[in-house]
>>> print(open('protein_22.txt').read())   # compact mmCIF, C-alpha atoms
# COMPACT_ATOMS: atom_id res chain seq x y z
CA MET A 1 117.14 112.74 133.15
CA ASN A 2 119.35 109.68 133.45
CA GLY A 3 119.18 109.93 137.24
CA ILE A 4 119.43 107.52 140.15
CA HIS A 5 115.62 107.36 140.30
CA ASP A 6 115.60 105.42 137.00
CA MET A 7 116.42 102.16 138.75
CA GLY A 8 114.97 99.45 136.55
CA GLY A 9 117.59 96.81 135.82
CA MET A 10 120.17 97.76 138.48
CA GLN A 11 121.49 94.77 140.41
CA ASP A 12 123.46 96.07 143.37
CA MET A 13 120.73 97.20 145.72
CA GLY A 14 120.64 94.10 147.92
CA PRO A 15 117.76 91.77 148.70
CA VAL A 16 114.13 92.86 148.97
CA LEU A 17 113.20 92.89 152.63
CA PRO A 18 109.50 92.26 153.22
CA ASP A 19 107.96 94.32 156.01
CA LYS A 20 107.29 92.83 159.41
CA ASP A 21 104.20 94.90 160.06
CA GLN A 22 101.76 96.83 157.97
CA ARG A 23 101.92 100.17 159.73
CA VAL A 24 101.18 102.93 157.25
CA PHE A 25 103.51 105.44 158.89
CA HIS A 26 106.46 104.30 160.97
CA ALA A 27 106.74 107.59 162.83
CA ALA A 28 104.25 110.39 163.43
CA TRP A 29 106.27 112.87 161.36
CA GLU A 30 105.90 110.67 158.27
CA GLY A 31 102.13 111.05 158.44
CA ARG A 32 102.45 114.82 158.86
CA VAL A 33 104.72 115.06 155.81
CA PHE A 34 102.30 113.01 153.78
CA ALA A 35 99.41 115.22 154.88
CA LEU A 36 101.29 118.47 154.22
CA ASP A 37 102.26 117.27 150.77
CA MET A 38 98.66 116.40 149.97
CA ALA A 39 97.22 119.57 151.48
CA VAL A 40 99.45 122.30 150.04
CA ASP A 41 97.85 123.64 146.90
CA GLY A 42 100.94 124.84 145.11
CA ASP A 43 101.27 126.26 141.66
CA TRP A 44 102.99 123.22 140.16
CA THR A 45 102.07 119.99 138.39
CA GLY A 46 102.36 116.40 139.58
CA ALA A 47 105.08 115.94 136.99
CA ALA A 48 107.00 118.86 138.51
CA GLU A 49 106.74 117.11 141.89
CA ARG A 50 108.28 114.00 140.42
CA TYR A 51 111.07 116.01 138.79
CA GLN A 52 111.82 117.81 142.05
CA ILE A 53 112.48 114.44 143.71
CA GLU A 54 114.64 113.42 140.77
CA LEU A 55 116.77 116.53 141.33
CA ILE A 56 117.87 115.26 144.75
CA PRO A 57 121.58 114.40 144.32
CA PRO A 58 122.12 110.64 143.87
CA ALA A 59 123.94 109.96 147.13
CA ASP A 60 121.25 111.81 149.09
CA TYR A 61 118.50 110.08 147.12
CA LEU A 62 119.80 106.68 148.23
CA ARG A 63 120.41 107.75 151.81
CA MET A 64 117.15 109.60 152.44
CA SER A 65 114.01 107.85 153.55
CA TYR A 66 110.90 108.12 151.43
CA TYR A 67 109.17 110.85 153.43
CA GLU A 68 112.38 112.79 153.87
CA LYS A 69 112.48 113.03 150.08
CA TRP A 70 108.86 114.21 150.15
CA VAL A 71 109.50 116.98 152.64
CA THR A 72 112.61 118.07 150.74
CA ARG A 73 110.56 118.27 147.57
CA LEU A 74 107.74 120.18 149.23
CA VAL A 75 110.08 122.81 150.67
CA GLU A 76 111.94 123.29 147.39
CA LEU A 77 108.73 123.68 145.38
CA MET A 78 107.22 126.10 147.89
CA VAL A 79 110.36 128.25 147.86
CA LYS A 80 110.60 128.14 144.05
CA THR A 81 107.01 129.33 143.70
CA SER A 82 107.34 131.96 146.49
CA LEU A 83 104.76 130.29 148.69
CA VAL A 84 107.30 130.56 151.50
CA THR A 85 110.75 132.08 151.70
CA ARG A 86 113.97 130.30 152.60
CA ALA A 87 114.24 132.64 155.60
CA GLU A 88 110.83 131.53 156.85
CA ILE A 89 111.80 127.87 156.52
CA GLU A 90 115.02 128.47 158.41
CA SER A 91 113.48 130.58 161.18
CA GLY A 92 110.20 128.69 161.37
CA LYS A 93 108.47 132.07 161.63
CA ALA A 94 105.97 133.48 159.19
CA ILE A 95 107.31 136.80 157.99
CA GLU A 96 104.15 137.63 156.11
CA ARG A 97 100.92 135.91 155.27
CA THR A 98 101.34 134.55 151.82
CA THR A 99 99.51 136.13 148.96
CA LYS A 100 100.29 133.25 146.65
CA ALA A 101 98.45 130.52 148.53
CA GLY A 102 95.92 128.59 146.53
CA HIS A 103 92.89 126.83 147.90
CA VAL A 104 93.15 125.72 151.53
CA LEU A 105 92.06 122.09 151.76
CA SER A 106 89.25 121.62 154.30
CA VAL A 107 88.31 118.58 156.37
CA ALA A 108 85.21 118.07 154.25
CA GLU A 109 87.30 117.97 151.09
CA VAL A 110 89.57 115.23 152.41
CA ALA A 111 86.71 112.75 151.97
CA ALA A 112 86.50 113.68 148.30
CA LEU A 113 90.09 112.57 147.82
CA ILE A 114 89.04 108.96 148.27
CA ALA A 115 85.76 109.20 146.39
CA PRO A 116 85.41 107.77 142.90
CA GLY A 117 84.78 110.14 140.06
CA SER A 118 87.89 111.93 138.88
CA SER A 119 89.78 110.60 135.91
CA ALA A 120 93.42 110.61 134.89
CA SER A 121 92.62 110.24 131.23
CA GLU A 122 91.71 113.22 129.08
CA ASN A 123 88.48 113.23 127.18
CA LEU A 124 90.15 114.63 124.11
CA SER A 125 90.21 113.52 120.53
CA VAL A 126 93.87 113.05 119.68
CA THR A 127 95.18 110.90 116.86
CA ALA A 128 96.77 107.65 117.98
CA HIS A 129 99.98 107.03 116.05
CA PHE A 130 100.10 103.35 116.92
CA LYS A 131 97.65 100.45 116.90
CA VAL A 132 97.17 97.52 119.22
CA ARG A 133 99.38 94.58 118.14
CA GLN A 134 101.72 96.89 116.25
CA ARG A 135 105.46 96.32 116.62
CA VAL A 136 107.19 99.43 117.95
CA ARG A 137 110.58 100.57 119.15
CA ALA A 138 111.08 102.73 122.22
CA ARG A 139 112.97 105.79 121.08
CA ASN A 140 116.56 106.17 122.07
CA MET A 141 116.54 109.57 123.70
CA ASN A 142 118.13 111.02 126.80
CA PRO A 143 116.28 114.16 127.86
CA GLU A 144 117.81 116.13 130.71
CA GLY A 145 114.39 116.99 132.10
CA HIS A 146 111.63 114.78 133.45
CA THR A 147 110.62 111.71 131.47
CA ARG A 148 108.73 108.49 132.10
CA LEU A 149 110.68 106.58 129.49
CA PRO A 150 112.83 104.20 131.53
CA ARG A 151 116.40 103.75 130.34
CA TYR A 152 116.08 99.98 130.19
CA THR A 153 113.51 100.19 127.39
CA ARG A 154 115.27 102.67 125.10
CA GLY A 155 116.01 101.30 121.66
CA LYS A 156 114.17 98.05 122.48
CA LEU A 157 111.49 96.39 120.39
CA GLY A 158 108.05 95.81 121.80
CA THR A 159 104.41 95.29 120.90
CA VAL A 160 101.51 97.61 121.65
CA GLU A 161 99.11 95.55 123.79
CA ARG A 162 96.54 98.16 124.83
CA ASP A 163 95.64 101.74 124.03
CA TYR A 164 94.74 103.43 127.32
CA GLY A 165 93.43 106.60 125.72
CA VAL A 166 94.75 110.13 126.01
CA ALA A 167 96.76 111.62 128.87
CA VAL A 168 98.74 114.79 129.38
CA PHE A 169 102.48 114.52 128.79
CA PRO A 170 104.67 114.68 131.91
CA ASP A 171 107.83 115.50 129.95
CA THR A 172 106.41 118.92 129.06
CA ARG A 173 104.13 119.39 132.08
CA ALA A 174 107.06 119.08 134.50
CA HIS A 175 108.68 122.14 132.94
CA GLY A 176 105.71 124.39 132.26
CA LEU A 177 105.81 123.57 128.56
CA GLY A 178 102.17 122.64 128.15
CA ASP A 179 99.95 119.56 128.38
CA LYS A 180 100.74 118.03 124.97
CA PRO A 181 97.98 115.40 125.39
CA GLN A 182 98.62 112.15 123.55
CA HIS A 183 97.82 108.44 123.63
CA VAL A 184 99.33 106.19 126.26
CA TYR A 185 99.84 102.52 125.45
CA SER A 186 100.76 99.40 127.32
CA VAL A 187 103.80 98.12 125.44
CA ARG A 188 104.98 94.57 125.99
CA PHE A 189 108.73 93.91 125.88
CA ALA A 190 109.92 90.32 125.90
CA ALA A 191 112.25 89.84 128.89
CA ARG A 192 114.93 88.52 126.52
CA GLU A 193 114.71 91.64 124.35
CA LEU A 194 115.49 93.69 127.44
CA TRP A 195 117.96 91.48 129.28
CA GLY A 196 119.25 88.83 126.89
CA ASP A 197 119.43 85.10 127.41
CA GLN A 198 119.63 85.23 131.20
CA ALA A 199 115.92 86.08 131.24
CA SER A 200 113.16 83.53 130.92
CA ARG A 201 111.90 82.95 127.40
CA ARG A 202 108.32 83.21 128.68
CA ASP A 203 108.53 86.41 130.68
CA SER A 204 107.84 89.98 129.68
CA VAL A 205 107.69 93.52 131.01
CA TYR A 206 104.73 95.77 130.24
CA VAL A 207 105.58 99.47 130.26
CA ASP A 208 103.13 102.37 129.90
CA MET A 209 104.37 104.56 127.07
CA TRP A 210 103.26 107.89 125.70
CA ASP A 211 103.04 108.26 121.92
CA ASP A 212 106.17 110.45 121.82
CA TYR A 213 108.26 107.62 123.30
CA LEU A 214 107.63 105.29 120.37
CA GLU A 215 108.54 104.86 116.75
CA PRO A 216 107.33 102.24 114.25
CA ALA A 217 109.53 99.14 114.19
CA MET B 1 115.31 76.52 131.04
CA ASN B 2 118.46 77.29 132.97
CA THR B 3 116.85 77.59 136.36
CA THR B 4 119.85 76.16 138.15
CA ARG B 5 122.24 78.67 136.68
CA ARG B 6 119.86 81.47 137.45
CA ASP B 7 119.42 80.26 141.01
CA LEU B 8 123.16 80.19 141.55
CA LEU B 9 123.58 83.61 140.04
CA THR B 10 120.80 85.03 142.14
CA ALA B 11 122.18 83.50 145.31
CA ALA B 12 125.65 84.81 144.56
CA LEU B 13 124.42 88.27 143.68
CA THR B 14 122.17 88.40 146.69
CA ALA B 15 124.98 87.38 149.01
CA ALA B 16 127.36 89.89 147.46
CA GLY B 17 124.73 92.57 147.53
CA ALA B 18 123.88 91.87 151.14
CA ALA B 19 127.53 92.09 152.16
CA VAL B 20 128.24 95.31 150.34
CA THR B 21 124.99 97.12 150.91
CA SER B 22 123.99 96.01 154.38
CA ASP B 23 123.71 99.63 155.50
CA LEU B 24 121.47 100.41 152.58
CA ALA B 25 119.37 97.33 153.24
CA ARG B 26 118.99 98.32 156.86
CA ALA B 27 118.02 101.80 155.78
CA GLN B 28 115.32 100.30 153.57
CA GLU B 29 114.04 98.04 156.29
CA HIS B 30 113.96 100.75 158.91
CA ASP B 31 113.11 103.48 156.47
CA HIS B 32 112.43 106.10 159.12
CA GLN B 33 115.72 105.54 160.93
CA ALA B 34 117.77 106.61 157.94
CA VAL B 35 116.97 110.25 158.54
CA PRO B 36 120.01 112.08 159.90
CA SER B 37 118.59 115.19 161.57
CA ASP B 38 115.62 115.29 163.90
CA PRO B 39 112.73 115.02 161.49
CA THR B 40 110.09 115.34 164.19
CA LEU B 41 111.15 118.86 165.11
CA ARG B 42 111.79 119.89 161.53
CA VAL B 43 108.38 118.74 160.33
CA LYS B 44 106.63 120.25 163.33
CA ALA B 45 108.23 123.62 162.56
CA LEU B 46 107.24 123.36 158.91
CA GLU B 47 103.65 122.52 159.80
CA SER B 48 103.41 125.43 162.22
CA LEU B 49 104.80 127.77 159.60
CA LEU B 50 102.31 126.68 156.95
CA VAL B 51 99.41 126.93 159.38
CA ALA B 52 100.54 130.42 160.46
CA LYS B 53 100.77 131.50 156.84
CA GLY B 54 97.26 130.26 156.14
CA ILE B 55 98.42 127.69 153.58
CA VAL B 56 97.05 124.61 155.34
CA ASP B 57 94.34 123.83 157.87
CA ARG B 58 95.61 121.66 160.71
CA ALA B 59 92.30 119.82 161.05
CA ALA B 60 92.53 118.80 157.39
CA LEU B 61 96.04 117.43 158.04
CA ASP B 62 94.65 115.32 160.89
CA ALA B 63 91.88 114.09 158.61
CA LEU B 64 94.39 113.15 155.91
CA VAL B 65 96.49 111.09 158.29
CA ASP B 66 93.40 109.41 159.70
CA THR B 67 92.02 108.68 156.24
CA TYR B 68 95.16 106.97 154.97
CA GLU B 69 95.81 105.15 158.24
CA HIS B 70 92.28 103.86 158.75
CA LYS B 71 89.92 104.32 155.80
CA VAL B 72 92.05 103.33 152.85
CA GLY B 73 94.07 100.14 152.68
CA PRO B 74 94.32 96.57 151.42
CA ARG B 75 90.99 95.55 152.97
CA ASN B 76 89.36 97.59 150.19
CA GLY B 77 91.23 95.65 147.53
CA ALA B 78 90.42 92.37 149.29
CA ARG B 79 86.73 93.17 149.03
CA VAL B 80 87.09 93.82 145.30
CA VAL B 81 88.88 90.50 144.85
CA ALA B 82 86.37 88.54 146.94
CA ARG B 83 83.47 90.06 145.00
CA ALA B 84 85.12 89.12 141.71
CA TRP B 85 85.68 85.54 142.87
CA ARG B 86 82.02 85.07 143.79
CA ASP B 87 80.33 87.09 141.09
CA GLY B 88 81.29 86.27 137.50
CA ALA B 89 79.48 89.29 136.06
CA TYR B 90 81.32 91.59 138.47
CA LYS B 91 84.64 89.98 137.59
CA HIS B 92 83.91 90.56 133.91
CA ARG B 93 83.20 94.24 134.55
CA LEU B 94 86.27 94.50 136.75
CA LEU B 95 88.57 93.22 134.02
CA ILE B 96 86.95 95.30 131.25
CA ASN B 97 86.51 98.59 133.14
CA SER B 98 88.35 98.32 136.43
CA THR B 99 87.84 101.91 137.56
CA ALA B 100 84.04 101.76 137.19
CA ALA B 101 83.80 98.33 138.83
CA MET B 102 85.76 99.55 141.85
CA ALA B 103 83.56 102.65 142.02
CA GLU B 104 80.56 100.30 142.38
CA LEU B 105 82.03 99.35 145.77
CA GLY B 106 82.82 102.99 146.59
CA TYR B 107 86.56 102.87 145.87
CA GLY B 108 88.31 105.48 143.79
CA GLY B 109 90.00 108.86 144.01
CA ALA B 110 93.62 109.91 144.35
CA GLN B 111 96.09 107.51 142.74
CA GLY B 112 93.27 105.31 141.51
CA GLU B 113 91.80 107.51 138.82
CA GLN B 114 92.49 104.99 136.08
CA MET B 115 92.69 101.43 137.40
CA VAL B 116 93.69 98.26 135.58
CA VAL B 117 93.11 94.80 137.05
CA LEU B 118 95.44 91.96 136.03
CA GLU B 119 94.18 88.42 136.43
CA ASN B 120 96.55 85.74 137.67
CA SER B 121 95.96 82.17 136.50
CA ALA B 122 97.67 78.80 136.50
CA LYS B 123 99.61 79.97 133.43
CA VAL B 124 100.20 83.69 134.06
CA HIS B 125 101.63 85.45 137.09
CA ASN B 126 101.45 89.25 137.17
CA LEU B 127 103.73 91.44 139.27
CA VAL B 128 103.45 95.21 139.72
CA VAL B 129 106.32 97.66 140.24
CA CYS B 130 107.13 101.33 139.70
CA THR B 131 110.79 101.53 138.71
CA LEU B 132 110.90 105.33 138.45
CA CYS B 133 109.04 106.21 141.63
CA SER B 134 106.60 104.37 143.89
CA CYS B 135 103.23 104.55 142.09
CA TYR B 136 100.66 102.34 143.79
CA PRO B 137 96.84 102.03 143.74
CA TRP B 138 96.04 103.95 146.92
CA PRO B 139 92.23 103.56 146.98
CA VAL B 140 92.40 99.77 147.05
CA LEU B 141 95.79 99.09 148.69
CA GLY B 142 96.54 102.23 150.71
CA LEU B 143 100.00 103.80 150.75
CA PRO B 144 102.87 101.62 149.51
CA PRO B 145 104.91 99.56 151.97
CA VAL B 146 108.60 100.24 152.53
CA TRP B 147 109.75 97.31 150.39
CA TYR B 148 107.67 98.47 147.42
CA ARG B 149 109.43 101.85 147.57
CA SER B 150 112.85 100.30 148.14
CA ALA B 151 115.69 100.54 145.63
CA ALA B 152 116.01 96.74 145.71
CA TYR B 153 112.43 96.08 144.62
CA ARG B 154 112.29 98.92 142.09
CA SER B 155 115.55 97.91 140.43
CA ARG B 156 115.31 94.14 140.34
CA SER B 157 111.63 93.41 139.70
CA VAL B 158 112.02 94.08 136.00
CA ILE B 159 115.31 92.26 135.41
CA ASP B 160 114.88 89.37 137.87
CA PRO B 161 111.21 89.01 138.81
CA ARG B 162 111.55 85.32 139.63
CA GLY B 163 114.44 86.04 141.97
CA VAL B 164 112.48 88.80 143.70
CA LEU B 165 109.45 86.54 144.06
CA ARG B 166 111.68 83.85 145.58
CA GLU B 167 112.65 86.38 148.27
CA PHE B 168 108.94 86.60 149.09
CA GLY B 169 108.85 82.79 149.30
CA LEU B 170 107.17 82.35 145.94
CA GLU B 171 108.62 79.86 143.47
CA ILE B 172 107.15 80.34 140.01
CA ALA B 173 107.26 77.22 137.82
CA ASP B 174 109.18 77.44 134.56
CA ASP B 175 106.06 76.87 132.49
CA VAL B 176 104.28 79.86 134.04
CA GLU B 177 104.60 83.20 132.27
CA VAL B 178 105.67 86.09 134.48
CA ARG B 179 104.38 89.50 133.41
CA VAL B 180 105.90 92.50 135.15
CA TRP B 181 103.94 95.76 134.97
CA ASP B 182 106.04 98.91 135.34
CA SER B 183 103.65 101.73 136.36
CA THR B 184 105.33 104.52 134.41
CA ALA B 185 102.14 106.48 133.61
CA GLU B 186 98.93 107.31 135.49
CA LEU B 187 97.47 103.80 135.21
CA ARG B 188 97.37 102.00 138.54
CA TYR B 189 97.49 98.21 138.65
CA LEU B 190 95.87 95.69 140.97
CA VAL B 191 96.47 91.95 140.66
CA LEU B 192 93.46 89.67 140.90
CA PRO B 193 95.02 86.63 142.56
CA GLU B 194 93.91 83.05 141.92
CA ARG B 195 91.12 81.84 144.15
CA PRO B 196 92.45 79.01 146.28
CA ALA B 197 90.87 75.56 146.16
CA GLY B 198 88.64 74.59 149.05
CA THR B 199 86.94 77.98 149.29
CA GLU B 200 83.88 77.16 147.20
CA ASN B 201 81.40 77.55 150.05
CA MET B 202 82.86 80.67 151.61
CA SER B 203 80.99 83.95 151.87
CA GLU B 204 82.37 87.15 150.38
CA ALA B 205 83.51 88.33 153.81
CA GLU B 206 85.26 85.02 154.51
CA LEU B 207 86.99 85.17 151.15
CA ALA B 208 88.06 88.80 151.67
CA ALA B 209 89.70 87.79 154.95
CA LEU B 210 91.96 85.41 153.01
CA VAL B 211 93.18 88.00 150.53
CA THR B 212 96.56 89.51 151.39
CA ARG B 213 98.01 92.82 150.29
CA ASP B 214 101.02 91.06 148.81
CA SER B 215 98.82 88.85 146.62
CA MET B 216 97.29 91.98 145.08
CA VAL B 217 100.73 93.37 144.18
CA GLY B 218 101.74 89.99 142.79
CA VAL B 219 104.39 89.05 145.36
CA GLY B 220 102.17 86.55 147.16
CA LYS B 221 99.49 83.94 146.60
CA VAL B 222 96.25 83.49 148.47
CA THR B 223 95.86 80.31 150.50
CA ALA B 224 92.72 78.83 152.03
CA GLN B 225 93.95 79.57 155.56
CA ARG B 226 92.81 82.86 157.03
CA ALA B 227 95.31 85.67 156.58
CA GLY B 228 95.70 86.47 160.30
CA THR B 229 98.90 88.41 160.75
CA ARG B 230 100.34 87.51 157.37
CA THR B 231 100.83 90.22 154.81
>>> encode(input="protein_22.txt", output="structure tokens")
Amino acid sequence: MNGIHDMGGMQDMGPVLPDKDQRVFHAAWEGRVFALDMAVDGDWTGAAERYQIELIPPADYLRMSYYEKWVTRLVELMVKTSLVTRAEIESGKAIERTTKAGHVLSVAEVAALIAPGSSASENLSVTAHFKVRQRVRARNMNPEGHTRLPRYTRGKLGTVERDYGVAVFPDTRAHGLGDKPQHVYSVRFAARELWGDQASRRDSVYVDMWDDYLEPA
Amino acid sequence: MNTTRRDLLTAALTAAGAAVTSDLARAQEHDHQAVPSDPTLRVKALESLLVAKGIVDRAALDALVDTYEHKVGPRNGARVVARAWRDGAYKHRLLINSTAAMAELGYGGAQGEQMVVLENSAKVHNLVVCTLCSCYPWPVLGLPPVWYRSAAYRSRSVIDPRGVLREFGLEIADDVEVRVWDSTAELRYLVLPERPAGTENMSEAELAALVTRDSMVGVGKVTAQRAGTRT
């Protein structure tokens, strides 16, 4: 979706303001939202979570703080999947114990969240359609659903720098349309290819791209 | 190189942007204050509801907050960097298979399942952003700071990385190549900053104390003075 979340290349957002402290949460409720979001075992994918945030109307997206977006997403996904009802959210009272709840995260399992071992890449044999050093073009496409193909790269020429192996495809996973595992590459775009002569001749942007985002140049 | 023209443009755009979007900028700086209703009450009610419905365990929520406030953060990444500076074989492993090398030190898990380490040098400066979201290597840097999640950083890092770096007080010479890494997939990036001169005799712990969070995102450099309160 060509939404407000796809921000790369916009110029009217003001200066970057470095933080004055390194507090992780700036209010107690932010930590609780983070924890709730991590703990609820809903029947949805990570890609669906991303898409739910992208569905927040643009003006709200810009106005809301980060964790307000998170709590909005969590509520919407829980209602959509019947984990809670809108009436329960509004009243704050449990009308019935849910029958749809998944696994309830325990204290012991929290430690496993920060333990090495899991992998984001799929151990699957899938044909790579592109090779390292190959010239490629990012496809010009404008899906209305979730995608990780940033607008600023579409139609641009780049070079495959690395093949990161196989990963599931968020564009289908976000909408319950299957895993569609495929290769993910690091594609290098010269800054001038993306932005023209105002960019430095030396600079470049590396974007992680699924196979389906690319075509041979 | 047309540095002067770019500088002028950046200054003009920044000034214009600051004037027009001061509310937005304030909202980004004081992220939590931009919430209109009373979030404390709303979140408390939601938590009580989910506990009552048996969906979450309150003790696990406490453990999650504690974990990400105290057990995970940039000190982990600093240890990785310091080890790489002192141990050439470790550095080699770190650059070839970053995830496994971090696991050697006990770091991994959520949002660090597939790590990539980018080495800065006198000729190459790497900068990490997530234009679509706020993806960040949690196991080694913790949760992302407000500026990393801000619209300003997400939008401008790809089109004007040198201007953004200047706002962090970092002037990148024209003959240095800037590589911006947009974390659009599940790979998570950590910058291995340059080891500062004058640190040859330091221990790993002393070196780790010098390494800042910002240097591992690529918006800062490491200096031989102890980090102290700097970010």
>>> closest_residue(input="protein_22.txt", among="B:Glu113, B:Glu204, B:Asp87, B:Asp174", to="Pro137 of chain B", atoms="all atoms listed in the file")
B:Glu113
>>> atom_distance(input="protein_22.txt", atom1="atom CA of Val56 of chain B", atom2="atom CA of Gly178 of chain A")
27.7 Å
>>> interface_residues(input="protein_22.txt", of="chain B", to="chain A", cutoff="6 Å", atoms="all atoms listed in the file", output="PyMOL selection string")
chain B and resi 14+17-18+31+34+40+45+49+53+55-56+60-61+64-65+69+103+107-110+113-114+131-132+147+152-153+155-156+159+177-182+184-185
>>> closest_residue(input="protein_22.txt", among="A:Met78, A:Ala217, A:Ala174, A:Val166", to="Gln134 of chain A", atoms="all atoms listed in the file")
A:Ala217
>>> atom_distance(input="protein_22.txt", atom1="atom CA of Tyr213 of chain A", atom2="atom CA of Asp60 of chain A")
29.2 Å
>>> closest_residue(input="protein_22.txt", among="B:Leu105, B:Tyr68, B:Gly220, B:Glu186", to="Glu122 of chain A", atoms="all atoms listed in the file")
B:Glu186
>>> residues_around(input="protein_22.txt", residues="Asp214 of chain B", least_positions_apart="3", cutoff="12 Å", atoms="only C-alpha atoms", output="JSON, numbers by chain")
{"A": [18, 19, 22], "B": [74, 75, 77, 78, 126, 127, 128, 141, 144, 145, 147, 148, 165, 168, 169, 170, 190, 191, 192, 193, 210, 211, 217, 218, 219, 220, 221, 222, 227, 230, 231]}
>>> write_last_selection(input="protein_22.txt", atoms="C-alpha atoms", output="compact mmCIF listing (two decimals), in the frame of the given file")
# COMPACT_ATOMS: atom_id res chain seq x y z
CA PRO A 18 109.50 92.26 153.22
CA ASP A 19 107.96 94.32 156.01
CA GLN A 22 101.76 96.83 157.97
CA PRO B 74 94.32 96.57 151.42
CA ARG B 75 90.99 95.55 152.97
CA GLY B 77 91.23 95.65 147.53
CA ALA B 78 90.42 92.37 149.29
CA ASN B 126 101.45 89.25 137.17
CA LEU B 127 103.73 91.44 139.27
CA VAL B 128 103.45 95.21 139.72
CA LEU B 141 95.79 99.09 148.69
CA PRO B 144 102.87 101.62 149.51
CA PRO B 145 104.91 99.56 151.97
CA TRP B 147 109.75 97.31 150.39
CA TYR B 148 107.67 98.47 147.42
CA LEU B 165 109.45 86.54 144.06
CA PHE B 168 108.94 86.60 149.09
CA GLY B 169 108.85 82.79 149.30
CA LEU B 170 107.17 82.35 145.94
CA LEU B 190 95.87 95.69 140.97
CA VAL B 191 96.47 91.95 140.66
CA LEU B 192 93.46 89.67 140.90
CA PRO B 193 95.02 86.63 142.56
CA LEU B 210 91.96 85.41 153.01
CA VAL B 211 93.18 88.00 150.53
CA VAL B 217 100.73 93.37 144.18
CA GLY B 218 101.74 89.99 142.79
CA VAL B 219 104.39 89.05 145.36
CA GLY B 220 102.17 86.55 147.16
CA LYS B 221 99.49 83.94 146.60
CA VAL B 222 96.25 83.49 148.47
CA ALA B 227 95.31 85.67 156.58
CA ARG B 230 100.34 87.51 157.37
CA THR B 231 100.83 90.22 154.81
